[in-house]
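**Student:** Input structure: model_35.txt, which contains compact mmCIF, C-alpha atoms.
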# COMPACT_ATOMS: atom_id res chain seq x y z
CA MET A 1 135.64 59.01 102.95
CA THR A 2 137.44 61.84 101.27
CA ALA A 3 141.12 61.13 100.94
CA SER A 4 142.12 64.55 102.26
CA ASP A 5 140.59 64.37 105.73
CA PRO A 6 138.58 61.25 106.47
CA CYS A 7 137.88 62.24 110.09
CA ALA A 8 136.47 65.63 109.04
CA HIS A 9 134.17 63.83 106.62
CA CYS A 10 133.16 61.36 109.34
CA GLU A 11 132.39 64.30 111.64
CA GLU A 12 130.05 65.71 108.97
CA MET A 13 128.26 62.36 108.77
CA MET A 14 127.76 61.97 112.51
CA GLN A 15 124.39 63.68 112.89
CA PRO A 16 122.72 62.04 109.88
CA TYR A 17 124.30 58.71 110.89
CA LEU A 18 122.79 58.85 114.38
CA ASP A 19 119.50 60.12 112.93
CA ARG A 20 119.54 57.09 110.61
CA VAL A 21 118.99 59.16 107.51
CA LEU A 22 122.11 58.14 105.59
CA THR A 23 121.77 55.93 102.52
CA ASP A 24 122.99 52.35 102.88
CA ALA A 25 126.16 53.24 100.98
CA GLU A 26 126.88 56.28 103.15
CA ARG A 27 126.20 54.29 106.29
CA ALA A 28 128.59 51.56 105.18
CA GLU A 29 131.18 54.21 104.38
CA ALA A 30 130.86 55.74 107.86
CA GLU A 31 131.02 52.32 109.54
CA THR A 32 134.11 51.31 107.63
CA HIS A 33 135.87 54.42 108.89
CA LEU A 34 134.54 53.97 112.44
CA ASP A 35 135.86 50.40 112.53
CA GLU A 36 139.32 51.70 111.80
CA CYS A 37 139.35 54.98 113.68
CA ALA A 38 139.18 55.10 117.48
CA TYR A 39 139.26 58.92 117.41
CA CYS A 40 135.93 59.14 115.54
CA ARG A 41 134.43 56.09 117.26
CA LYS A 42 134.84 57.69 120.70
CA ARG A 43 133.24 60.91 119.48
CA TYR A 44 130.25 59.08 117.97
CA ARG A 45 129.69 57.16 121.20
CA PHE A 46 129.95 60.38 123.17
CA GLU A 47 127.38 62.05 120.92
CA GLU A 48 124.95 59.17 121.35
CA ALA A 49 125.29 59.31 125.14
CA LEU A 50 125.00 63.10 125.08
CA ARG A 51 121.68 62.97 123.26
CA GLN A 52 120.27 60.58 125.85
CA PHE A 53 121.66 62.72 128.64
CA VAL A 54 120.07 65.91 127.27
CA LYS A 55 116.72 64.14 126.93
CA GLN A 56 116.85 62.86 130.52
CA ILE A 57 117.97 66.19 131.93
CA VAL A 58 115.13 68.16 130.38
CA ASP A 59 112.60 65.58 131.52
CA VAL A 60 113.00 66.32 135.19
CA GLU A 61 110.32 69.00 135.44
CA PRO A 62 106.86 67.46 135.16
CA MET A 63 103.76 69.45 134.28
CA PRO A 64 102.29 71.10 137.39
CA VAL A 65 99.15 69.32 138.61
CA GLU A 66 97.31 72.65 138.86
CA LEU A 67 97.88 73.23 135.17
CA LYS A 68 96.53 69.80 134.37
CA ALA A 69 93.35 70.65 136.30
CA LYS A 70 93.06 73.99 134.49
CA LEU A 71 93.31 72.27 131.12
CA ALA A 72 90.65 69.75 132.10
CA ASN A 73 88.36 72.64 133.08
CA LEU A 74 88.61 74.05 129.57
CA ARG A 75 86.61 71.11 128.23
CA THR A 76 83.18 71.85 126.82
CA PRO A 77 80.59 71.25 129.55
CA LEU A 78 78.33 68.28 128.91
CA GLN A 79 74.73 69.28 128.10
CA MET B 1 51.86 65.81 110.98
CA ALA B 2 53.25 65.54 114.50
CA ARG B 3 54.64 62.10 113.60
CA MET B 4 56.37 63.57 110.54
CA SER B 5 58.28 66.19 112.52
CA GLU B 6 59.33 63.63 115.11
CA THR B 7 60.89 61.45 112.40
CA THR B 8 62.65 64.50 110.95
CA ARG B 9 64.08 65.42 114.35
CA GLU B 10 65.35 61.93 115.07
CA PRO B 11 68.40 62.04 112.74
CA ASP B 12 69.23 65.49 114.13
CA ALA B 13 69.22 64.15 117.67
CA ARG B 14 71.40 61.26 116.61
CA ARG B 15 73.82 63.59 114.89
CA ILE B 16 74.04 65.83 117.96
CA ALA B 17 74.69 62.82 120.19
CA THR B 18 77.41 61.52 117.85
CA ASP B 19 78.95 64.96 117.68
CA ALA B 20 79.02 65.24 121.48
CA ARG B 21 80.56 61.80 121.82
CA ASP B 22 83.27 62.58 119.24
CA ARG B 23 84.04 65.86 120.95
CA VAL B 24 84.41 64.19 124.35
CA HIS B 25 86.74 61.58 122.85
CA PHE B 26 88.79 64.30 121.20
CA GLU B 27 89.08 66.25 124.45
CA GLU B 28 90.11 63.13 126.39
CA ASP B 29 92.72 62.23 123.79
CA ALA B 30 94.11 65.78 123.78
CA LEU B 31 94.28 65.90 127.58
CA ALA B 32 96.04 62.53 127.68
CA LEU B 33 98.81 64.11 125.62
CA SER B 34 99.15 67.22 127.77
CA ASP B 35 102.27 66.03 129.64
CA GLN B 36 104.06 65.40 126.37
CA VAL B 37 102.92 68.72 124.90
CA TYR B 38 104.01 70.57 128.04
CA ARG B 39 107.42 68.93 127.97
CA VAL B 40 108.01 70.43 124.55
CA ALA B 41 106.30 73.76 125.34
CA ARG B 42 108.46 74.24 128.41
CA HIS B 43 111.57 74.38 126.25
CA LEU B 44 110.11 76.44 123.43
CA VAL B 45 109.50 79.43 125.70
CA GLY B 46 111.63 81.16 128.27
CA SER B 47 109.81 80.51 131.52
CA ARG B 48 107.47 78.11 133.24
CA GLU B 49 104.80 80.83 133.50
CA GLU B 50 104.92 81.46 129.76
CA ALA B 51 104.68 77.74 129.08
CA GLU B 52 101.63 77.44 131.36
CA ASP B 53 99.85 80.39 129.69
CA LEU B 54 100.62 79.00 126.30
CA MET B 55 99.33 75.55 127.24
CA GLN B 56 96.01 77.01 128.39
CA GLU B 57 95.62 79.07 125.24
CA THR B 58 96.52 76.06 123.14
CA TYR B 59 94.00 73.76 124.77
CA ALA B 60 91.27 76.42 124.72
CA ARG B 61 91.80 76.87 120.99
CA ALA B 62 92.08 73.12 120.34
CA PHE B 63 88.81 72.43 122.14
CA ARG B 64 87.08 75.22 120.16
CA SER B 65 88.35 74.02 116.80
CA TRP B 66 88.35 70.27 117.42
CA ARG B 67 86.37 69.66 114.22
CA SER B 68 89.32 70.78 112.12
CA PHE B 69 91.43 67.90 113.47
CA GLN B 70 91.60 65.05 110.97
CA PRO B 71 91.04 61.81 112.93
CA GLY B 72 93.81 59.30 112.34
CA THR B 73 96.49 61.96 111.96
CA ASN B 74 99.04 62.93 114.62
CA LEU B 75 97.15 64.73 117.39
CA ARG B 76 100.31 65.64 119.32
CA ALA B 77 101.74 67.33 116.23
CA TRP B 78 98.40 69.11 115.66
CA LEU B 79 98.44 70.47 119.23
CA LEU B 80 102.07 71.56 118.91
CA ARG B 81 101.26 73.34 115.67
CA ILE B 82 98.60 75.38 117.47
CA LEU B 83 101.04 76.06 120.28
CA THR B 84 103.86 77.26 118.05
CA ASN B 85 101.47 79.47 116.05
CA LEU B 86 100.13 81.01 119.24
CA ASN B 87 103.66 81.56 120.45
CA ILE B 88 104.41 83.54 117.31
CA ASP B 89 101.02 85.36 117.34
CA ARG B 90 101.58 86.53 120.89
CA GLY B 91 104.62 88.38 119.70
CA ARG B 92 106.91 86.61 122.10
CA ARG B 93 109.24 86.33 119.24
CA GLN B 94 109.40 87.22 115.61
CA GLN B 95 109.19 84.52 113.03
CA ARG B 96 112.09 85.23 110.80
CA THR B 97 114.71 83.59 108.73
CA PRO B 98 117.57 82.77 111.06
CA ASP B 99 120.70 84.79 110.57
CA LEU B 100 123.02 82.92 108.32
CA GLN B 101 125.85 82.75 110.77
CA PRO B 102 128.74 80.50 109.88
CA LEU B 103 128.99 77.16 111.67
CA GLU B 104 131.70 78.17 114.09
CA GLU B 105 132.48 74.76 115.49
CA GLY B 106 132.09 71.20 114.32
CA ASP B 107 130.27 68.27 115.89
CA TYR B 108 133.33 67.05 117.78
CA PHE B 109 133.75 70.41 119.51
CA LEU B 110 132.24 69.58 122.90
CA TYR B 111 134.10 66.28 123.22
CA ASN B 112 137.36 67.96 122.25
CA LYS B 113 136.78 70.77 124.76
CA LEU B 114 136.04 68.34 127.59
CA GLU B 115 139.05 66.24 126.66
CA ALA B 116 141.34 69.27 126.51
CA SER B 117 140.04 70.73 129.76
CA GLY B 118 142.16 68.40 131.86
CA GLY B 119 139.87 65.51 132.68
CA GLY B 120 141.14 63.30 129.89
CA ALA B 121 139.01 61.66 127.23
CA PRO B 122 135.34 61.73 128.23
CA ASP B 123 133.43 58.47 128.02
CA GLU B 124 129.70 57.87 128.48
CA ASP B 125 129.89 58.15 132.26
CA ARG B 126 132.04 61.24 132.08
CA VAL B 127 129.27 63.02 130.17
CA VAL B 128 127.07 62.82 133.21
CA GLU B 129 129.91 63.72 135.52
CA ARG B 130 131.18 66.68 133.57
CA LEU B 131 127.92 68.32 132.51
CA SER B 132 125.33 69.50 134.99
CA GLN B 133 121.60 70.00 134.51
CA ASN B 134 122.25 73.75 134.59
CA ASP B 135 124.81 73.43 131.79
CA VAL B 136 122.21 71.78 129.58
CA VAL B 137 119.22 73.97 130.47
CA SER B 138 121.12 77.24 130.21
CA ALA B 139 122.82 76.11 126.99
CA LEU B 140 119.45 75.26 125.47
CA SER B 141 118.11 78.72 126.31
CA GLU B 142 121.09 80.27 124.51
CA VAL B 143 120.37 78.53 121.21
CA PRO B 144 118.63 81.01 118.86
CA HIS B 145 114.83 80.45 118.78
CA ASP B 146 114.46 79.16 115.26
CA PHE B 147 117.14 76.55 115.79
CA ARG B 148 115.99 75.71 119.29
CA ASP B 149 112.40 75.04 118.15
CA VAL B 150 113.66 72.31 115.83
CA VAL B 151 116.09 70.81 118.36
CA VAL B 152 113.35 70.73 121.02
CA LEU B 153 110.77 69.15 118.70
CA VAL B 154 113.12 66.49 117.29
CA ASP B 155 115.49 65.70 120.18
CA ILE B 156 113.19 66.27 123.14
CA GLY B 157 109.74 65.85 121.60
CA ASP B 158 110.79 62.87 119.43
CA PHE B 159 109.00 64.27 116.40
CA THR B 160 110.05 63.12 112.94
CA TYR B 161 111.50 65.61 110.48
CA ALA B 162 108.18 65.50 108.59
CA ASP B 163 106.06 66.22 111.68
CA THR B 164 108.44 69.01 112.70
CA ALA B 165 108.18 70.54 109.24
CA GLN B 166 104.40 70.44 109.49
CA ILE B 167 104.32 71.89 113.00
CA LEU B 168 106.60 74.80 112.12
CA ASP B 169 105.30 75.15 108.57
CA ILE B 170 108.77 74.99 107.04
CA PRO B 171 110.27 72.63 104.44
CA ILE B 172 111.93 69.39 105.62
CA GLY B 173 115.26 70.59 104.24
CA THR B 174 115.03 73.63 106.53
CA VAL B 175 114.25 71.35 109.49
CA MET B 176 117.39 69.34 108.74
CA SER B 177 119.68 72.33 108.35
CA ARG B 178 118.31 74.09 111.47
CA LEU B 179 118.61 70.87 113.46
CA HIS B 180 122.20 70.37 112.36
CA ARG B 181 123.15 73.93 113.27
CA GLY B 182 121.01 74.02 116.41
CA ARG B 183 122.71 70.93 117.84
CA ARG B 184 126.11 72.41 117.13
CA ALA B 185 125.09 75.68 118.78
CA LEU B 186 123.81 73.70 121.77
CA LYS B 187 127.09 71.82 122.12
CA GLN B 188 129.04 75.01 121.82
CA ALA B 189 126.94 76.64 124.55
CA MET B 190 127.34 73.53 126.74
CA ALA B 191 131.10 73.63 126.26
CA GLU B 192 131.18 77.27 127.30
CA SER B 193 129.00 76.54 130.31
CA ALA B 194 130.90 73.43 131.41
CA VAL B 195 134.46 74.41 130.55
CA GLY B 196 134.29 78.17 130.12
CA GLY B 197 137.37 79.81 128.69
CA GLU B 198 139.61 76.82 129.41
CA SER B 199 141.27 75.27 126.46
The structure given in the file should be rewritten as structure tokens.
**Tutor:**
Amino acid sequence: MTASDPCAHCEEMMQPYLDRVLTDAERAEAETHLDECAYCRKRYRFEEALRQFVKQIVDVEPMPVELKAKLANLRTPLQ
Amino acid sequence: MARMSETTREPDARRIATDARDRVHFEEDALALSDQVYRVARHLVGSREEAEDLMQETYARAFRSWRSFQPGTNLRAWLLRILTNLNIDRGRRQQRTPDLQPLEEGDYFLYNKLEASGGGAPDEDRVVERLSQNDVVSALSEVPHDFRDVVVLVDIGDFTYADTAQILDIPIGTVMSRLHRGRRALKQAMAESAVGGES
């Protein structure tokens, strides 16, 4: 972490950390800070839950059955 | 002579039969993915009607050009690539470089807003309590198109950065920067929707 503002640096690492695209060294650096810092730890946990929540929320509207039938009708007729 | 032409026709008949079988398999595979494609399409465009039109155009084009699909590659990504191209072709939006707006707020912004709004520190359960479906859906529609496309493909469609880059025909680095900014824009819009002008 940067000496000046470790939490700001941890905030910058949050998205790549949760996307699992950090290098091993960066990941270890983030985890060391998270072990020590409840402020950042809470915000990381919140972000993780938020991502799941957004995914669930947008899943509630299934594809209309009529559309499914229309798509099936677009298939090439068998000879 | 007649025997000759029969033997010549035989491989043709076999080829036609193989072709028909491959096409049917392709169409079945594509239709099996339609729920997943729709789920993404629904959030790439503004309305359900637009998403339905776009799905029909996409599948009509996919069935016509099925031979250009490379078996063994990602069919869902291939369908989404057609869909996003059609979306642009139809002039529903202009493909452009997103405005280089500054990143107004950081990644902790939404949490901080919820915490400061009077309900105390939000935990996992509080997320569900404090944000409604409307907050999320309306916030998503407020994220600028180019950023939203990437957020929808990665966070809702579960596409990898590489697949998303291929679908949108942009470099992986651009996917990453748009995703980063799109998520922040989404959280900012959610904060405004859930908390409004409170501080």
**Student:** Up to 8 Å from chain A, what residues of chain B turn up? Count only C-alpha atoms and give them as a ChimeraX atom specification.
**Tutor:** /B:27,31,34-35,38-39,52,55-56,59-60,63,106-108,111,122-124,127-128,133,136-137,155-156,180
**Student:** Record the distance separating CA of Thr23 (chain A) and CA of Gly157 (chain B), expressed in Å with one decimal.
**Tutor:**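 Here the two named atoms are 24.6 Å from each other.
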**Student:** Listed atoms of region 37-43 of chain A, axis-aligned box, 5 Å per side: centre and edge lengths to one decimal in Å, as lines of an AutoDock Vina configuration file?
**Tutor:**
center_x = 136.3
center_y = 57.9
center_z = 117.2
size_x = 16.1
size_y = 15.9
size_z = 17.0
**Student:** Excluding same-chain residues fewer than 3 positions from Val40 (chain B), what lies within 9 Å of it counting all atoms listed in the file, as a PDB file with C-alpha atoms, keeping the file's coordinate frame?
**Tutor:**
ATOM      1  CA  ASP B  35     102.270  66.030 129.640  1.00  0.00           C
ATOM      2  CA  GLN B  36     104.060  65.400 126.370  1.00  0.00           C
ATOM      3  CA  VAL B  37     102.920  68.720 124.900  1.00  0.00           C
ATOM      4  CA  HIS B  43     111.570  74.380 126.250  1.00  0.00           C
ATOM      5  CA  LEU B  44     110.110  76.440 123.430  1.00  0.00           C
ATOM      6  CA  LEU B  80     102.070  71.560 118.910  1.00  0.00           C
ATOM      7  CA  VAL B 152     113.350  70.730 121.020  1.00  0.00           C
ATOM      8  CA  LEU B 153     110.770  69.150 118.700  1.00  0.00           C
ATOM      9  CA  ILE B 156     113.190  66.270 123.140  1.00  0.00           C
ATOM     10  CA  GLY B 157     109.740  65.850 121.600  1.00  0.00           C
TER      11      GLY B 157
END
**Student:** Enter the distance from CA of Ser117 (chain B) to CA of Asp135 (chain B), in Å, rounded to one decimal.
**Tutor:** 15.6 Å
**Student:** Tell me, as a list in words, which residues lie within 6 Å of Ala51 (chain B), counting all atoms listed in the file; anything in the same chain fewer than 2 positions away does not count.
**Tutor:**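 Listed by chain and then number, they are Ala41, Arg42, Arg48, Glu49, Asp53 and Leu54 of chain B.
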**Student:** Quick one: distance from CA of Arg90 (chain B) to CA of Gln166 (chain B) in Å, one decimal?
**Tutor:** 19.9 Å
**Student:** Kindly indicate which residue among B:Val154, B:Ala185, B:Ile82, B:Ala17 lies nearest to Ala62 (chain B), using only C-alpha atoms for the distances.
**Tutor:** B:Ile82
